[in-house]
Amino acid sequence: MKLDLLAMAAHPDDVELTCGGTLIKMARQGYAVGILDLTEGEMGTRGSIEIRRKEAAAAARLLGVTHRENLGLPDAHLEMRMEYKLAVARRIRALRPRTVILPYWEGRHPDHYNAARLGYEGCFLAGLKRLDLQGEAYRPFKILYSTTYDRTVRPSFVVDISKEFGRRSRAILAYRSQFQPVGRQRKSKVYLPLDKLVDEVHLVARFYGDMIGVEYAEPFLAKEVMQVEDVIDLPVRSI
């Protein structure tokens, strides 16, 4: 398989929350889009592995992605181990994505920033020809970081997802166990950050959309300088 775009994240639902609109947009443009979830979110307060697997499959259909898989690494225990890096590298060699989207490399949840490092180092290792690892050596051309979870970071660019916003919302809410709990979990008095998470990521999308004169947008950061060929046909008015 050869993917044009691969989004990698720590838990099922992270991709939908941070870059789901962009995945929908790229899939609609005919690109082969994939998702690699590193863990099954088994340490989460709500839901179960079985429930979240079904929710992830339903969300993938809404996103329109070509491929989704779960690496099965331990939730809440993502660490910088060589075996985890190699597990990522194997999938990079197998899926051969041109562009990879990773979580931002800083954050509240250790799994998120460790997923960023594991993703980057896995991509690097995948390109070492002499590494004793199955598959042909391959390294993605571009690595991008989603900054939705960190509003203090100024992104390198944003993607207009106004037309994709409704479907992105449905993909997020496919995780009913997390964001639309019923019964005892719904009545729990314990505050969970995810209780406000959906509203927060919608606000972030609205904020960045307003900055470029559209309804909704998703922010991304690139470590490299961005190249522009045509300075006449640039979007977003300056004055």
# chains A, B, ... in the order shown; residues from 1 in each chain; ligands from 1
>>> residues_around(residues="stretch 48-61 of chain A", least_positions_apart="6", cutoff="8 Å", atoms="only C-alpha atoms", output="NGL selection string")
:A and (12-13 or 16 or 40-42 or 68 or 170-172 or 174-177)
>>> write_last_selection(atoms="C-alpha atoms", output="PDB file, in the first residue's frame")
ATOM      1  CA  PRO A  12      -8.614   6.468  18.884  1.00  0.00           C
ATOM      2  CA  ASP A  13     -10.482   9.811  18.481  1.00  0.00           C
ATOM      3  CA  GLU A  16     -10.754  13.089  14.529  1.00  0.00           C
ATOM      4  CA  GLU A  40      -6.523   1.337  21.838  1.00  0.00           C
ATOM      5  CA  GLY A  41      -7.219   3.795  24.647  1.00  0.00           C
ATOM      6  CA  GLU A  42      -7.749   0.971  27.094  1.00  0.00           C
ATOM      7  CA  ARG A  68      -7.034   2.557   9.447  1.00  0.00           C
ATOM      8  CA  ARG A 170     -20.183  13.441  13.122  1.00  0.00           C
ATOM      9  CA  ALA A 171     -16.894  11.537  13.049  1.00  0.00           C
ATOM     10  CA  ILE A 172     -15.990  12.878  16.496  1.00  0.00           C
ATOM     11  CA  ALA A 174     -19.057   8.475  16.522  1.00  0.00           C
ATOM     12  CA  TYR A 175     -17.163   7.976  19.789  1.00  0.00           C
ATOM     13  CA  ARG A 176     -20.368   7.950  21.797  1.00  0.00           C
ATOM     14  CA  SER A 177     -18.732   6.224  24.755  1.00  0.00           C
TER      15      SER A 177
END
>>> closest_atom_pairs(of="stretch 21-124 of chain A", to="stretch 145-167 of chain A", cutoff="6 Å", atoms="only C-alpha atoms", output="CSV")
residue,atom,partner,partner_atom,distance
A:Gly21,CA,A:Glu164,CA,5.4
A:Ile101,CA,A:Tyr145,CA,5.5
A:Leu102,CA,A:Tyr145,CA,4.8
A:Pro103,CA,A:Ser146,CA,5.2
A:Tyr104,CA,A:Tyr145,CA,5.1
>>> residues_around(residues="stretch 130-135 of chain A", least_positions_apart="3", cutoff="9 Å", atoms="only C-alpha atoms", output="NGL selection string")
:A and (86 or 89-90 or 93-94 or 125-127 or 138)
>>> select_by_dssp(residues="stretch 10-39 of chain A", states="alpha helix (DSSP H)", output="ChimeraX atom specification")
/A:14-28
>>> residues_around(residues="A:Thr99", least_positions_apart="4", cutoff="9 Å", atoms="only C-alpha atoms", output="VMD selection string")
chain A and resid 3 to 7 140 to 144
